[in-house]
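Visitor: I'm passing along protein36.pdb; it holds PDB, C-alpha atoms.
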```pdb
MODEL        1
ATOM      1  CA  MET A   1      42.229 -11.806  92.664
ATOM      2  CA  LYS A   2      44.399 -14.564  91.240
ATOM      3  CA  PRO A   3      42.925 -16.448  88.264
ATOM      4  CA  PRO A   4      41.302 -19.794  89.100
ATOM      5  CA  LEU A   5      43.565 -22.837  89.192
ATOM      6  CA  ILE A   6      41.791 -24.751  86.428
ATOM      7  CA  GLY A   7      42.919 -27.278  83.832
ATOM      8  CA  ALA A   8      42.091 -30.552  82.158
ATOM      9  CA  HIS A   9      43.293 -34.106  81.694
ATOM     10  CA  MET A  10      45.788 -34.150  78.831
ATOM     11  CA  SER A  11      47.091 -36.942  76.606
ATOM     12  CA  ILE A  12      50.733 -38.069  76.889
ATOM     13  CA  ALA A  13      50.798 -39.460  73.339
ATOM     14  CA  GLY A  14      54.175 -38.911  71.721
ATOM     15  CA  GLY A  15      55.930 -38.369  75.054
ATOM     16  CA  ILE A  16      54.838 -37.605  78.574
ATOM     17  CA  HIS A  17      56.126 -34.011  78.258
ATOM     18  CA  LYS A  18      53.723 -33.346  75.372
ATOM     19  CA  ALA A  19      50.883 -32.910  77.885
ATOM     20  CA  PHE A  20      52.186 -29.442  78.779
ATOM     21  CA  GLU A  21      52.059 -28.159  75.218
ATOM     22  CA  ARG A  22      48.533 -29.481  74.784
ATOM     23  CA  GLY A  23      47.460 -28.000  78.098
ATOM     24  CA  GLY A  24      48.999 -24.641  77.339
ATOM     25  CA  ASN A  25      47.234 -24.478  73.995
ATOM     26  CA  VAL A  26      43.789 -24.713  75.619
ATOM     27  CA  GLY A  27      44.459 -22.467  78.612
ATOM     28  CA  CYS A  28      45.347 -24.905  81.396
ATOM     29  CA  ARG A  29      46.994 -23.584  84.541
ATOM     30  CA  THR A  30      47.123 -27.064  86.043
ATOM     31  CA  LEU A  31      46.664 -30.460  84.402
ATOM     32  CA  GLN A  32      46.216 -34.165  84.920
ATOM     33  CA  ILE A  33      47.969 -36.991  83.079
ATOM     34  CA  PHE A  34      48.346 -40.735  83.031
ATOM     35  CA  LEU A  35      51.871 -41.874  83.814
ATOM     36  CA  LYS A  36      51.609 -44.697  81.273
ATOM     37  CA  ASN A  37      49.065 -46.290  78.946
ATOM     38  CA  SER A  38      46.019 -46.547  81.218
ATOM     39  CA  ASN A  39      44.692 -49.692  79.559
ATOM     40  CA  ARG A  40      47.860 -51.786  79.778
ATOM     41  CA  TRP A  41      49.600 -53.388  82.735
ATOM     42  CA  ASP A  42      53.125 -53.035  81.413
ATOM     43  CA  ALA A  43      54.929 -49.782  80.732
ATOM     44  CA  ARG A  44      58.179 -48.654  79.162
ATOM     45  CA  PRO A  45      60.548 -47.470  81.896
ATOM     46  CA  LEU A  46      60.925 -43.721  82.126
ATOM     47  CA  SER A  47      64.355 -42.495  81.108
ATOM     48  CA  ASP A  48      66.493 -39.591  82.275
ATOM     49  CA  GLU A  49      65.599 -37.893  78.995
ATOM     50  CA  ASP A  50      61.885 -38.318  79.741
ATOM     51  CA  ARG A  51      62.367 -36.650  83.096
ATOM     52  CA  GLU A  52      64.453 -33.815  81.665
ATOM     53  CA  LEU A  53      61.935 -33.097  78.887
ATOM     54  CA  PHE A  54      59.085 -33.218  81.414
ATOM     55  CA  ALA A  55      60.821 -30.786  83.773
ATOM     56  CA  ALA A  56      61.720 -28.440  80.925
ATOM     57  CA  ALA A  57      58.152 -28.379  79.577
ATOM     58  CA  ARG A  58      56.762 -27.721  83.040
ATOM     59  CA  ALA A  59      59.177 -24.843  83.575
ATOM     60  CA  ARG A  60      58.569 -23.391  80.116
ATOM     61  CA  THR A  61      54.774 -23.390  80.409
ATOM     62  CA  GLY A  62      54.494 -22.672  84.137
ATOM     63  CA  ILE A  63      51.648 -25.187  84.372
ATOM     64  CA  GLY A  64      51.280 -26.799  87.752
ATOM     65  CA  PRO A  65      50.748 -28.590  89.921
ATOM     66  CA  VAL A  66      50.591 -31.708  87.774
ATOM     67  CA  VAL A  67      48.202 -34.416  88.936
ATOM     68  CA  ALA A  68      48.492 -38.053  87.849
ATOM     69  CA  HIS A  69      45.690 -40.613  87.610
ATOM     70  CA  ASP A  70      46.441 -44.298  87.980
ATOM     71  CA  SER A  71      45.565 -47.027  85.468
ATOM     72  CA  TYR A  72      41.945 -48.116  85.173
ATOM     73  CA  LEU A  73      43.070 -51.749  85.351
ATOM     74  CA  ILE A  74      44.172 -51.460  88.973
ATOM     75  CA  ASN A  75      41.725 -52.770  91.586
ATOM     76  CA  LEU A  76      43.108 -52.588  95.107
ATOM     77  CA  ALA A  77      39.808 -53.955  96.474
ATOM     78  CA  SER A  78      39.827 -57.127  94.378
ATOM     79  CA  PRO A  79      39.092 -60.362  96.271
ATOM     80  CA  ASP A  80      41.045 -62.323  93.642
ATOM     81  CA  ALA A  81      44.485 -62.873  95.165
ATOM     82  CA  ALA A  82      46.360 -62.830  91.860
ATOM     83  CA  LEU A  83      44.630 -59.684  90.580
ATOM     84  CA  HIS A  84      45.031 -57.955  93.928
ATOM     85  CA  GLU A  85      48.764 -58.654  93.949
ATOM     86  CA  LYS A  86      49.113 -57.523  90.339
ATOM     87  CA  SER A  87      47.185 -54.349  91.162
ATOM     88  CA  VAL A  88      49.318 -53.507  94.194
ATOM     89  CA  ARG A  89      52.544 -54.005  92.256
ATOM     90  CA  ALA A  90      51.275 -51.923  89.338
ATOM     91  CA  PHE A  91      50.156 -49.182  91.707
ATOM     92  CA  MET A  92      53.526 -49.047  93.436
ATOM     93  CA  GLU A  93      55.157 -48.703  90.030
ATOM     94  CA  GLU A  94      52.912 -45.712  89.324
ATOM     95  CA  MET A  95      53.937 -44.169  92.645
ATOM     96  CA  LYS A  96      57.601 -44.582  91.688
ATOM     97  CA  ARG A  97      56.975 -42.961  88.305
ATOM     98  CA  ALA A  98      55.262 -40.007  89.998
ATOM     99  CA  ASN A  99      58.214 -39.566  92.346
ATOM    100  CA  TYR A 100      60.683 -39.841  89.469
ATOM    101  CA  LEU A 101      58.939 -37.056  87.543
ATOM    102  CA  GLY A 102      58.196 -34.894  90.567
ATOM    103  CA  VAL A 103      54.420 -35.263  90.282
ATOM    104  CA  PRO A 104      52.975 -34.517  93.746
ATOM    105  CA  TYR A 105      49.572 -36.242  93.542
ATOM    106  CA  LEU A 106      48.438 -39.659  92.324
ATOM    107  CA  VAL A 107      44.657 -40.109  92.088
ATOM    108  CA  LEU A 108      43.111 -43.560  92.449
ATOM    109  CA  HIS A 109      39.631 -45.022  92.598
ATOM    110  CA  PRO A 110      39.291 -47.114  95.761
ATOM    111  CA  GLY A 111      38.346 -50.148  93.670
ATOM    112  CA  ALA A 112      35.484 -52.625  93.358
ATOM    113  CA  HIS A 113      34.691 -55.268  95.970
ATOM    114  CA  MET A 114      33.236 -57.630  93.335
ATOM    115  CA  GLY A 115      30.360 -58.814  95.494
ATOM    116  CA  THR A 116      32.263 -59.421  98.726
ATOM    117  CA  GLY A 117      30.807 -56.342 100.436
ATOM    118  CA  GLU A 118      31.959 -52.866 101.371
ATOM    119  CA  ARG A 119      33.586 -53.831 104.673
ATOM    120  CA  GLU A 120      35.842 -56.491 103.178
ATOM    121  CA  GLY A 121      36.569 -54.393 100.124
ATOM    122  CA  CYS A 122      37.612 -51.376 102.190
ATOM    123  CA  ALA A 123      39.840 -53.572 104.357
ATOM    124  CA  ARG A 124      41.674 -54.810 101.246
ATOM    125  CA  VAL A 125      42.165 -51.228 100.047
ATOM    126  CA  VAL A 126      43.604 -50.191 103.418
ATOM    127  CA  ALA A 127      46.001 -53.149 103.408
ATOM    128  CA  ALA A 128      47.084 -52.347  99.854
ATOM    129  CA  LEU A 129      47.683 -48.670 100.629
ATOM    130  CA  ASP A 130      49.615 -49.504 103.802
ATOM    131  CA  ARG A 131      51.853 -51.827 101.816
ATOM    132  CA  ALA A 132      52.348 -49.354  98.964
ATOM    133  CA  LEU A 133      53.121 -46.433 101.270
ATOM    134  CA  GLY A 134      55.477 -48.639 103.270
ATOM    135  CA  GLU A 135      57.463 -49.666 100.201
ATOM    136  CA  VAL A 136      57.418 -46.411  98.210
ATOM    137  CA  GLY A 137      58.535 -43.315 100.030
ATOM    138  CA  PRO A 138      57.515 -39.643  99.741
ATOM    139  CA  PRO A 139      56.890 -37.152  98.370
ATOM    140  CA  VAL A 140      53.966 -38.490  96.293
ATOM    141  CA  VAL A 141      50.581 -38.103  98.008
ATOM    142  CA  LEU A 142      47.776 -40.546  97.177
ATOM    143  CA  LEU A 143      44.305 -39.140  96.563
ATOM    144  CA  LEU A 144      41.260 -41.366  96.889
ATOM    145  CA  GLU A 145      38.564 -40.291  94.448
ATOM    146  CA  ASN A 146      34.899 -40.454  95.392
ATOM    147  CA  THR A 147      32.891 -42.542  92.933
ATOM    148  CA  ALA A 148      29.375 -42.718  91.546
ATOM    149  CA  GLY A 149      28.954 -46.160  93.123
ATOM    150  CA  GLN A 150      28.378 -47.939  89.843
ATOM    151  CA  GLY A 151      28.403 -51.718  90.241
ATOM    152  CA  SER A 152      30.439 -52.711  93.282
ATOM    153  CA  ALA A 153      32.675 -49.630  93.206
ATOM    154  CA  LEU A 154      33.740 -48.387  96.621
ATOM    155  CA  GLY A 155      33.912 -44.724  97.570
ATOM    156  CA  ARG A 156      30.338 -43.715  96.761
ATOM    157  CA  SER A 157      29.659 -42.355 100.230
ATOM    158  CA  PHE A 158      31.741 -40.043 102.357
ATOM    159  CA  GLU A 159      31.506 -42.679 105.086
ATOM    160  CA  GLU A 160      33.282 -45.220 102.864
ATOM    161  CA  LEU A 161      36.051 -42.766 102.056
ATOM    162  CA  ALA A 162      36.484 -41.996 105.734
ATOM    163  CA  SER A 163      36.568 -45.698 106.641
ATOM    164  CA  ILE A 164      39.586 -46.108 104.366
ATOM    165  CA  LEU A 165      41.416 -42.847 105.063
ATOM    166  CA  ASP A 166      41.103 -43.099 108.842
ATOM    167  CA  ARG A 167      42.685 -46.558 108.893
ATOM    168  CA  VAL A 168      45.692 -45.956 106.650
ATOM    169  CA  GLU A 169      48.822 -45.850 108.792
ATOM    170  CA  ALA A 170      50.611 -43.076 106.879
ATOM    171  CA  GLY A 171      47.577 -40.789 107.051
ATOM    172  CA  ASP A 172      49.562 -37.687 106.141
ATOM    173  CA  ARG A 173      50.278 -39.180 102.703
ATOM    174  CA  VAL A 174      46.657 -39.765 101.693
ATOM    175  CA  GLY A 175      43.948 -37.300 100.773
ATOM    176  CA  VAL A 176      40.920 -36.907  98.509
ATOM    177  CA  CYS A 177      40.159 -35.994  94.919
ATOM    178  CA  PHE A 178      36.550 -34.757  94.912
ATOM    179  CA  ASP A 179      34.683 -35.436  91.654
ATOM    180  CA  THR A 180      31.552 -33.309  91.223
ATOM    181  CA  ALA A 181      29.806 -35.614  88.739
ATOM    182  CA  HIS A 182      30.497 -38.682  90.876
ATOM    183  CA  ALA A 183      29.185 -36.970  94.008
ATOM    184  CA  PHE A 184      25.991 -35.936  92.217
ATOM    185  CA  ALA A 185      25.418 -39.401  90.736
ATOM    186  CA  ALA A 186      26.008 -40.850  94.204
ATOM    187  CA  GLY A 187      23.182 -38.713  95.606
ATOM    188  CA  TYR A 188      24.877 -35.528  96.846
ATOM    189  CA  ASP A 189      22.949 -32.543  95.483
ATOM    190  CA  LEU A 190      25.214 -29.579  94.689
ATOM    191  CA  ARG A 191      22.748 -27.639  92.524
ATOM    192  CA  THR A 192      21.686 -24.993  95.036
ATOM    193  CA  LYS A 193      23.722 -22.913  97.444
ATOM    194  CA  ARG A 194      21.974 -24.542 100.355
ATOM    195  CA  GLY A 195      22.609 -27.994  98.919
ATOM    196  CA  TYR A 196      26.260 -27.238  98.130
ATOM    197  CA  ASP A 197      26.878 -25.947 101.656
ATOM    198  CA  ALA A 198      25.158 -28.987 103.173
ATOM    199  CA  VAL A 199      27.237 -31.428 101.111
ATOM    200  CA  MET A 200      30.501 -29.723 102.012
ATOM    201  CA  CYS A 201      29.481 -29.555 105.665
ATOM    202  CA  GLU A 202      28.785 -33.298 105.627
ATOM    203  CA  PHE A 203      32.098 -33.985 103.908
ATOM    204  CA  ASP A 204      33.923 -31.881 106.483
ATOM    205  CA  ARG A 205      32.223 -33.707 109.338
ATOM    206  CA  LEU A 206      33.010 -37.176 108.032
ATOM    207  CA  VAL A 207      36.271 -36.781 106.121
ATOM    208  CA  GLY A 208      37.630 -33.275 106.592
ATOM    209  CA  ILE A 209      37.642 -30.421 104.088
ATOM    210  CA  GLY A 210      41.399 -30.124 104.501
ATOM    211  CA  ARG A 211      41.901 -33.541 102.915
ATOM    212  CA  ILE A 212      40.677 -32.339  99.519
ATOM    213  CA  ARG A 213      43.778 -31.720  97.396
ATOM    214  CA  VAL A 214      42.219 -31.844  93.901
ATOM    215  CA  PHE A 215      38.774 -31.435  92.318
ATOM    216  CA  HIS A 216      37.550 -33.117  89.172
ATOM    217  CA  VAL A 217      35.069 -30.625  87.745
ATOM    218  CA  ASN A 218      32.637 -32.575  85.587
ATOM    219  CA  ASP A 219      28.943 -32.183  84.839
ATOM    220  CA  SER A 220      26.819 -35.323  85.017
ATOM    221  CA  LYS A 221      25.017 -36.841  82.063
ATOM    222  CA  LYS A 222      22.800 -38.799  84.462
ATOM    223  CA  GLY A 223      20.525 -37.639  87.245
ATOM    224  CA  LEU A 224      20.878 -37.257  90.971
ATOM    225  CA  GLY A 225      21.460 -40.601  92.696
ATOM    226  CA  SER A 226      21.624 -42.508  89.399
ATOM    227  CA  ARG A 227      24.924 -44.176  90.435
ATOM    228  CA  VAL A 228      25.948 -44.001  86.766
ATOM    229  CA  ASP A 229      29.348 -42.503  85.938
ATOM    230  CA  ARG A 230      28.870 -40.422  82.773
ATOM    231  CA  HIS A 231      30.532 -37.026  82.377
ATOM    232  CA  CYS A 232      29.505 -34.155  80.118
ATOM    233  CA  GLY A 233      30.486 -30.541  79.477
ATOM    234  CA  ILE A 234      30.127 -27.846  82.136
ATOM    235  CA  GLY A 235      26.521 -26.654  82.252
ATOM    236  CA  LYS A 236      25.412 -29.298  79.742
ATOM    237  CA  GLY A 237      24.277 -31.885  82.261
ATOM    238  CA  HIS A 238      22.102 -32.321  85.328
ATOM    239  CA  LEU A 239      24.400 -30.387  87.658
ATOM    240  CA  GLY A 240      24.103 -27.109  85.762
ATOM    241  CA  LEU A 241      26.243 -23.983  85.982
ATOM    242  CA  ASP A 242      25.388 -22.750  89.471
ATOM    243  CA  SER A 243      27.064 -25.671  91.255
ATOM    244  CA  PHE A 244      30.372 -24.907  89.538
ATOM    245  CA  GLY A 245      30.048 -21.244  90.461
ATOM    246  CA  PHE A 246      29.659 -22.217  94.104
ATOM    247  CA  LEU A 247      32.826 -24.309  93.917
ATOM    248  CA  LEU A 248      34.948 -21.870  91.896
ATOM    249  CA  ASN A 249      34.198 -19.087  94.369
ATOM    250  CA  ASP A 250      34.551 -21.032  97.599
ATOM    251  CA  ARG A 251      37.508 -19.342  99.273
ATOM    252  CA  ARG A 252      38.445 -22.580 101.044
ATOM    253  CA  PHE A 253      39.315 -24.096  97.670
ATOM    254  CA  LEU A 254      40.836 -21.200  95.720
ATOM    255  CA  ALA A 255      44.306 -22.787  95.737
ATOM    256  CA  ILE A 256      43.058 -26.321  94.979
ATOM    257  CA  PRO A 257      43.507 -27.585  91.375
ATOM    258  CA  LYS A 258      40.214 -28.036  89.512
ATOM    259  CA  ILE A 259      40.553 -30.367  86.557
ATOM    260  CA  LEU A 260      38.179 -31.228  83.716
ATOM    261  CA  GLU A 261      37.573 -34.828  82.677
ATOM    262  CA  THR A 262      34.883 -33.994  80.147
ATOM    263  CA  PRO A 263      34.449 -35.437  76.620
ATOM    264  CA  LYS A 264      36.556 -33.879  73.882
ATOM    265  CA  GLY A 265      37.649 -34.318  70.297
ATOM    266  CA  PRO A 266      41.149 -34.400  68.776
ATOM    267  CA  GLU A 267      41.363 -30.609  68.458
ATOM    268  CA  LEU A 268      40.511 -30.122  72.165
ATOM    269  CA  GLU A 269      38.051 -27.339  71.392
ATOM    270  CA  GLU A 270      35.717 -28.689  74.072
ATOM    271  CA  ASP A 271      38.418 -28.124  76.697
ATOM    272  CA  ARG A 272      38.837 -24.511  75.564
ATOM    273  CA  ILE A 273      35.088 -23.964  75.851
ATOM    274  CA  ASN A 274      34.719 -25.641  79.250
ATOM    275  CA  LEU A 275      37.717 -23.812  80.714
ATOM    276  CA  ALA A 276      36.304 -20.513  79.440
ATOM    277  CA  VAL A 277      32.978 -21.301  81.113
ATOM    278  CA  LEU A 278      34.709 -22.013  84.426
ATOM    279  CA  GLU A 279      36.741 -18.819  84.069
ATOM    280  CA  SER A 280      33.598 -16.770  83.487
ATOM    281  CA  LEU A 281      31.920 -18.209  86.561
ATOM    282  CA  TYR A 282      34.856 -17.176  88.708
ATOM    283  CA  ARG A 283      35.220 -13.689  87.302
ATOM    284  CA  GLY A 284      31.534 -12.937  87.756
ATOM    285  CA  ARG A 285      31.500 -13.610  91.471
ATOM    286  CA  LYS A 286      33.221 -12.456  94.644
ATOM    287  CA  ALA A 287      35.175 -15.344  96.121
ATOM    288  CA  ALA A 288      33.502 -15.387  99.501
ATOM    289  CA  THR A 289      31.665 -18.682  99.804
ATOM    290  CA  GLY A 290      32.219 -20.791 102.874
ATOM    291  CA  PRO A 291      33.081 -19.887 106.438
TER     292      PRO A 291
ENDMDL
END
```
If you took the structure in this file and wrote it as structure tokens, what would it be?
Guide:
Amino acid sequence: MKPPLIGAHMSIAGGIHKAFERGGNVGCRTLQIFLKNSNRWDARPLSDEDRELFAAARARTGIGPVVAHDSYLINLASPDAALHEKSVRAFMEEMKRANYLGVPYLVLHPGAHMGTGEREGCARVVAALDRALGEVGPPVVLLLENTAGQGSALGRSFEELASILDRVEAGDRVGVCFDTAHAFAAGYDLRTKRGYDAVMCEFDRLVGIGRIRVFHVNDSKKGLGSRVDRHCGIGKGHLGLDSFGFLLNDRRFLAIPKILETPKGPELEEDRINLAVLESLYRGRKAATGP
């Protein structure tokens, strides 16, 4: 069997191409990056040299696919007209950067409705995505990430994700990034085989299993249904090891990137440990879960 397609989010400090070296050093086969400083609105334009170094590092390491995550400042559900416009423009810039580098997927949180309600918030997200997809062409695919539902964050339930995805005009250019810790904190129990199968069955019914293009594999520091977004190392939280074994060995998802967003120090030893744990879970099982 092929080795599992696992990796981690890597820093782009010192140059966006540096993520590949860092990822290779800890055993990544795929990775996730920010396309710019995630806590700033502005960004230095990418140069031809940036793109050439990025392509060379990707070819040299063989790591891929590369997944990008958008800035945490962006809120496509904001009811504030100025912030909404700023968010849409910033998001379109991220889409252009992904296309320029040849990054196939851009992950985004749906956003926060800020007290105006889920229906209005989802409608603003749909309008923003329609505009962005209309102004920025392929090949980048946008992946809505399910959330823990903290505060007024949208995307806690599979129904909310479906209400956005089903209304976007360019439906073939949107998909899902499924975060295990977020799902658990939102109330979806993945800890037993029966529970895992039930959650995936419900997701398939409401959204469609085929729309999952990336997984974020994170354990949860908080309990089931807590609606608190706190990640921790694999097997160190309330999800436990079994849930990740179910996912790693689900034949429907063998070719889907599975990316860590767990806490780590400057030497990245935690990534090495967590990737090794995921690897061991895959090797110890026959990949035969699912229909």
Visitor: Which residues fall under the PyMOL selection byres ((chain A and resi 128) around 9) in this file, as a list in words?
Guide: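 That expression, the PyMOL selection byres ((chain A and resi 128) around 9), corresponds here to Leu76, Ala77, His84, Glu85, Ser87, Val88, Ala123, Arg124, Val125, Val126, Ala127, Leu129, Asp130, Arg131, Ala132 and Leu133 of chain A.
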Visitor: Selection in question (the file shown): the PyMOL selection byres ((chain A and resi 234-243) around 10). Which residues does it include, as a PyMOL selection string?
Guide: chain A and resi 180-181+184-185+189-193+195-196+217-224+230-233+244-248+260+262+270-271+273-278+281
Visitor: Just checking: using all atoms listed in the file, which residue out of A:Leu268, A:Met200, A:Val214, A:Ile74 ends up closest to Asn25 (chain A)?
Guide: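 Among A:Leu268, A:Met200, A:Val214, A:Ile74, it is A:Leu268 that comes nearest to Asn25 (chain A).
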Visitor: Just how far from CA of Arg29 (chain A) is CA of Pro266 (chain A), in Å to one decimal?
Guide: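 It comes out at 20.0 Å.
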Visitor: List the neighbours of region 206-208 of chain A out to 9 Å using only C-alpha atoms; skip same-chain residues closer than 5 positions along the sequence, and give me the result as a ChimeraX atom specification.
Guide: /A:158-159,161-163,165-166,176,201
Visitor: What does the distance from CA of Ile164 (chain A) to CA of Glu120 (chain A) come to in Å, to one decimal?
Guide: 11.1 Å
Visitor: Evaluate the PyMOL selection byres ((chain A and resi 79) around 10) here and jot the selected residues down as a ChimeraX atom specification.
Guide: /A:75-78,80-84,112-116,120-121,124
Visitor: Counting all atoms listed in the file, figure out which residue out of A:Thr147, A:Ser71, A:Val26, A:Asp179 gets nearest to Ser38 (chain A).
Guide: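 Result for the nearest residue to Ser38 (chain A): A:Ser71.
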Visitor: What does the structure give for the distance between CA of Val174 (chain A) and CA of His109 (chain A), in Å to one decimal?
Guide: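 Separation between CA of Val174 (chain A) and CA of His109 (chain A): 12.6 Å.
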Visitor: So which one's closest to Leu142 (chain A), A:Glu49, A:Asp229, A:Glu160, A:Glu94? Using all atoms listed in the file, please.
Guide: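 So, comparing all the options, the nearest one is A:Glu94.
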Visitor: For Arg211 (chain A), which residue among A:Ala43, A:Leu35, A:Leu143, A:Cys28 is the nearest when counting all atoms listed in the file?
Guide: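 So, comparing all the options, the nearest one is A:Leu143.
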Visitor: I need the residue nearest Phe253 (chain A) from this list: A:Gly64, A:Pro4, A:Arg97, A:Arg51. Use all atoms listed in the file for the distance.
Guide: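 Checking each candidate against Phe253 (chain A), we get A:Pro4 as the closest.
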Visitor: Let me make sure I understand: among A:Cys177, A:Ala55, A:Leu46, A:Val103, which one has the smallest atom-to-atom distance to Lys258 (chain A) if we use all atoms listed in the file?
Guide: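 For Lys258 (chain A), the nearest of the given residues is A:Cys177.
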Visitor: Quick one: residues within 6 Å of Leu108 (chain A), all atoms listed in the file, excluding same-chain residues fewer than 6 positions away - as a VMD selection string?
Guide: chain A and resid 70 144 to 145
Visitor: Go ahead and find all residues with at least one atom no further than 6 Å from (46.6, -35.7, 91.6) in the file's coordinates, using only C-alpha atoms; report them as an MDAnalysis selection string.
Guide: chainID A and resid 67:68 105:107
Visitor: How would region 63-79 of chain A look with N, CA and C atoms restored, written as an mmCIF file, keeping the file's coordinate frame?
Guide:
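Just written: selection.cif:
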```
data_model
loop_
_atom_site.group_PDB
_atom_site.id
_atom_site.type_symbol
_atom_site.label_atom_id
_atom_site.label_comp_id
_atom_site.auth_asym_id
_atom_site.auth_seq_id
_atom_site.Cartn_x
_atom_site.Cartn_y
_atom_site.Cartn_z
ATOM 1 N N ILE A 63 52.857 -24.459 83.978
ATOM 2 C CA ILE A 63 51.648 -25.187 84.372
ATOM 3 C C ILE A 63 51.944 -26.067 85.580
ATOM 4 N N GLY A 64 51.106 -25.965 86.579
ATOM 5 C CA GLY A 64 51.280 -26.799 87.752
ATOM 6 C C GLY A 64 50.296 -26.418 88.857
ATOM 7 N N PRO A 65 50.083 -27.295 89.827
ATOM 8 C CA PRO A 65 50.748 -28.590 89.921
ATOM 9 C C PRO A 65 50.207 -29.587 88.899
ATOM 10 N N VAL A 66 51.006 -30.610 88.645
ATOM 11 C CA VAL A 66 50.591 -31.708 87.774
ATOM 12 C C VAL A 66 50.007 -32.809 88.648
ATOM 13 N N VAL A 67 48.877 -33.328 88.231
ATOM 14 C CA VAL A 67 48.202 -34.416 88.936
ATOM 15 C C VAL A 67 48.238 -35.647 88.043
ATOM 16 N N ALA A 68 48.512 -36.803 88.609
ATOM 17 C CA ALA A 68 48.492 -38.053 87.849
ATOM 18 C C ALA A 68 47.289 -38.888 88.270
ATOM 19 N N HIS A 69 46.774 -39.659 87.330
ATOM 20 C CA HIS A 69 45.690 -40.613 87.610
ATOM 21 C C HIS A 69 46.210 -42.005 87.307
ATOM 22 N N ASP A 70 45.915 -42.952 88.191
ATOM 23 C CA ASP A 70 46.441 -44.298 87.980
ATOM 24 C C ASP A 70 45.665 -45.041 86.893
ATOM 25 N N SER A 71 46.164 -46.202 86.515
ATOM 26 C CA SER A 71 45.565 -47.027 85.468
ATOM 27 C C SER A 71 44.188 -47.525 85.879
ATOM 28 N N TYR A 72 43.288 -47.607 84.913
ATOM 29 C CA TYR A 72 41.945 -48.116 85.173
ATOM 30 C C TYR A 72 41.933 -49.618 85.436
ATOM 31 N N LEU A 73 43.016 -50.303 85.139
ATOM 32 C CA LEU A 73 43.070 -51.749 85.351
ATOM 33 C C LEU A 73 43.269 -52.098 86.824
ATOM 34 N N ILE A 74 43.834 -51.191 87.572
ATOM 35 C CA ILE A 74 44.172 -51.460 88.973
ATOM 36 C C ILE A 74 42.908 -51.548 89.828
ATOM 37 N N ASN A 75 42.848 -52.594 90.652
ATOM 38 C CA ASN A 75 41.725 -52.770 91.586
ATOM 39 C C ASN A 75 42.277 -53.229 92.929
ATOM 40 N N LEU A 76 42.532 -52.272 93.800
ATOM 41 C CA LEU A 76 43.108 -52.588 95.107
ATOM 42 C C LEU A 76 42.110 -53.257 96.041
ATOM 43 N N ALA A 77 40.842 -53.301 95.649
ATOM 44 C CA ALA A 77 39.808 -53.955 96.474
ATOM 45 C C ALA A 77 39.483 -55.360 95.990
ATOM 46 N N SER A 78 40.167 -55.832 94.970
ATOM 47 C CA SER A 78 39.827 -57.127 94.378
ATOM 48 C C SER A 78 39.982 -58.273 95.376
ATOM 49 N N PRO A 79 38.980 -59.182 95.415
ATOM 50 C CA PRO A 79 39.092 -60.362 96.271
ATOM 51 C C PRO A 79 39.927 -61.476 95.634
#
```
